[in-house]
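Remarks on the structure that follows.
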Amino acid sequence: MAFLNPAAFYLLGTIPIVFALHFLKLRRQRYVVPSILLWRTSTEDQKANVPFQRLRNLLLPFLQCLFLLLIITSVARPALRIPSIVHGKIIYIIDNSASMLSRELGETRLSLAKKEVLKQIKQFSASGGAMIMATQPSKHHIHQAFTTDSQKLQKAVENIPPTHIGHQTTSVFDLAVQYVDTPQDKLVFVSDSFENMPVTSIPINKISIGSTRDNIGIVQFTVERIADKYTVLARIQNWTETERQVDTRLELEGKRPISEKTVKIPAGDVQSVLYSVSAEGLEGIAISLHLVDVADDFALDNSVWAILKPAKQFRILLVSDRNQPFLTRLLSSAGDYVELQSVSSAEFNAAADKDVIIFDGGILKSKGFFNNPGRETTIFVNPKGAVPVLTETAFEVISTPVSIIKEDKTHPIMQGISFMGLRIKESVERKLPTWGSAIIESEKGPLIWLGTEASRHFLVFEFDAFNPEISSFPIAIPDVALFLYQYLEWLESRTAPVQSISLQQTNDGMRFRTGEKLKIDLPNSETRNIQVKKPDGIMVDLDNDVFTEADQIGVYSVYEDELLFQRFAVNLLDSSESVQTSTNSENNVQEPEENIKTLKPLMQEVWQWVALFAVGFLLCEWWCYHRN
């Protein structure tokens, strides 16, 4: 019940006046008489007017005060909230992404969002029922199908779990619009951010949760093995309005601190912190970096993890009938990271046990190379002739210079690299196979592209990349060396026991981001019992080789028949979640007036009934008074 005129309750101060009047003494004159026999009734009346004697009969003042209370209540205009009837269906979508775990006045934004939806359920009633959905599903987006049972809806809202996944709304809205059949159906989205929302043909009623909060968090984290040391690099961003001094601590598994550093970060800026750790005896150990005693309301980005990987040495075989000094020196400069062997085409043996084979000119003709199931990676440089993997693709040699017009900056091997100024005098124009994707393109077609076919990886240069007379590619410093290093790193991640199948990124240190779908290279056993232990200790049965529940930050363990098989780490590392801004502005949440009116509860005034009860009590008091 609500009161449309609550100021009327100030009149409650008049109730003590009724009791005060009830206890006032009557003033009588004193007379001397020979006998009080005839005045016995007057004596009893005098006793009744002694203080506190009137407490023996409280019925009349009680009725009078109750009458006054009812009159004051009616003046306050009491009204009952009646659920608004929506002619159609209502779909409630609750954002349970990582940023919803930010705390507001002692509660998380997710808790505030749940309270708002529970209030909506009490206020609105849909003729077609209501549905409860979450943006980040544990298994399914739908937590409660359409129903008019308010208890089921409330239970579904309360059971929506928090997740550490970044803001993703495309899939849930694609699913929700499929259930909207009529213009009367409503979509209600409760979130702390409405940025980058998918465009839908259906109006969305937005409810904003939270306000802009201060935060400091880790936005980048890399762990690399260089010789006999692990190099740990982290970038920390300060979203507050003042300079902050942040203490960082590097820990090994079991919360063993190994080093601490302090970094000063200006307001709105990013600073890096670098650690170097001896690699002796640490292979396979989990390492973590923590921000110590940081006063902010978002804790998910204050810690990151990685699994320290063993040193990797790529065995590379260069098959070439000419001298390639630039390519040879480039590969040799990688030191212990690369073991290089060079042979001519006549000396090449398809059974050679190498990680990468580089064919200079695509000169492979037979020798059963593609019948070798152990072959993983092949690099073709300037394949002017037909090669086994490209026999069905038409090609043409372009003898005129070409210019680079497009680069795929989203691919991991192109991070921090640009070849836009390369000069290329001669190239091959080729139609890409369906499994290939271009990394660098000219006006004539792809110049560098890669692909995966039958579990084999291919990298193809459609020009003589390491001949300075044909292109300036070999003298592009440091882009060429970085390109090769990042390709080998990406290749290592593609052959790792745990791989990402949802994002194009490397997983050095066996680390991923929350929300990624992971492919786990399971052992070949039909009777295996595979389980994944999440950071909170919950065991998840794995029915196939795809793991879709990487929704928490921390270290995951894969068990085969209760024996540890593999481990990997999952982190947030999402600056859009860490920025902690809220679109709680009128321009962002304002909706068309007709939508707002259909989602308002009805208020029915009941002061007339209260006034009628007051009249009834007044008649009761009058009857009791005259009955003495």
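We name chains A, B, ... following the order of the structure tokens; residues begin at 1 in each chain, and ligands are numbered from 1 as shown.
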(message) Can you pull out the residues contacting region 89-103 of chain A? Cut-off 6 Å, using only C-alpha atoms, and skip same-chain residues under 2 positions away; I want them as an MDAnalysis selection string.
(response) chainID A and resid 106:110 126 128:135 162:167 185:191 297:298 577
(message) What parts of region 28-202 of chain A does DSSP call helix (DSSP H, G or I)? I'd like the answer as JSON, numbers by chain.
(response) {"A": [37, 38, 39, 40, 41, 42, 43, 44, 45, 46, 47, 48, 53, 54, 55, 56, 59, 60, 61, 62, 63, 64, 65, 66, 67, 68, 69, 70, 71, 72, 73, 74, 75, 98, 99, 100, 101, 109, 110, 111, 112, 113, 114, 115, 116, 117, 118, 119, 120, 121, 122, 123, 150, 151, 152, 153, 154, 155, 156, 157, 158, 170, 171, 172, 173, 174, 175, 176, 177, 178, 179]}
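CA of Asp464 (chain A) is found 11.6 Å from CA of Arg423 (chain A).
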Listing only residues of region 484-574 of chain A within 12 Å of region 456-463 of chain A, what is the closest atom pair and its distance in Å (to one decimal) for each, using only C-alpha atoms, sorted by chain and residue number ascending, as JSON lines?
{"residue": "A:Leu484", "atom": "CA", "partner": "A:Leu459", "partner_atom": "CA", "distance": 10.8}
{"residue": "A:Tyr487", "atom": "CA", "partner": "A:Leu459", "partner_atom": "CA", "distance": 9.2}
{"residue": "A:Leu488", "atom": "CA", "partner": "A:Leu459", "partner_atom": "CA", "distance": 10.9}
{"residue": "A:Trp490", "atom": "CA", "partner": "A:His457", "partner_atom": "CA", "distance": 10.9}
{"residue": "A:Leu491", "atom": "CA", "partner": "A:His457", "partner_atom": "CA", "distance": 8.1}
{"residue": "A:Glu492", "atom": "CA", "partner": "A:His457", "partner_atom": "CA", "distance": 11.1}
{"residue": "A:Arg494", "atom": "CA", "partner": "A:His457", "partner_atom": "CA", "distance": 8.9}
{"residue": "A:Thr495", "atom": "CA", "partner": "A:His457", "partner_atom": "CA", "distance": 9.8}
Could you write out that same residue set with C-alpha atoms as an mmCIF file, in the first residue's frame?
data_model
loop_
_atom_site.group_PDB
_atom_site.id
_atom_site.type_symbol
_atom_site.label_atom_id
_atom_site.label_comp_id
_atom_site.auth_asym_id
_atom_site.auth_seq_id
_atom_site.Cartn_x
_atom_site.Cartn_y
_atom_site.Cartn_z
ATOM 1 C CA LEU A 484 58.124 -14.881 -37.507
ATOM 2 C CA TYR A 487 53.741 -16.970 -36.017
ATOM 3 C CA LEU A 488 55.717 -19.630 -34.151
ATOM 4 C CA TRP A 490 50.587 -18.797 -32.568
ATOM 5 C CA LEU A 491 51.524 -22.154 -34.066
ATOM 6 C CA GLU A 492 52.507 -23.410 -30.611
ATOM 7 C CA ARG A 494 47.379 -24.186 -32.159
ATOM 8 C CA THR A 495 49.099 -27.434 -31.193
#
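Interatomic distance, CA of Val117 (chain A) against CA of Ser575 (chain A): 27.7 Å.
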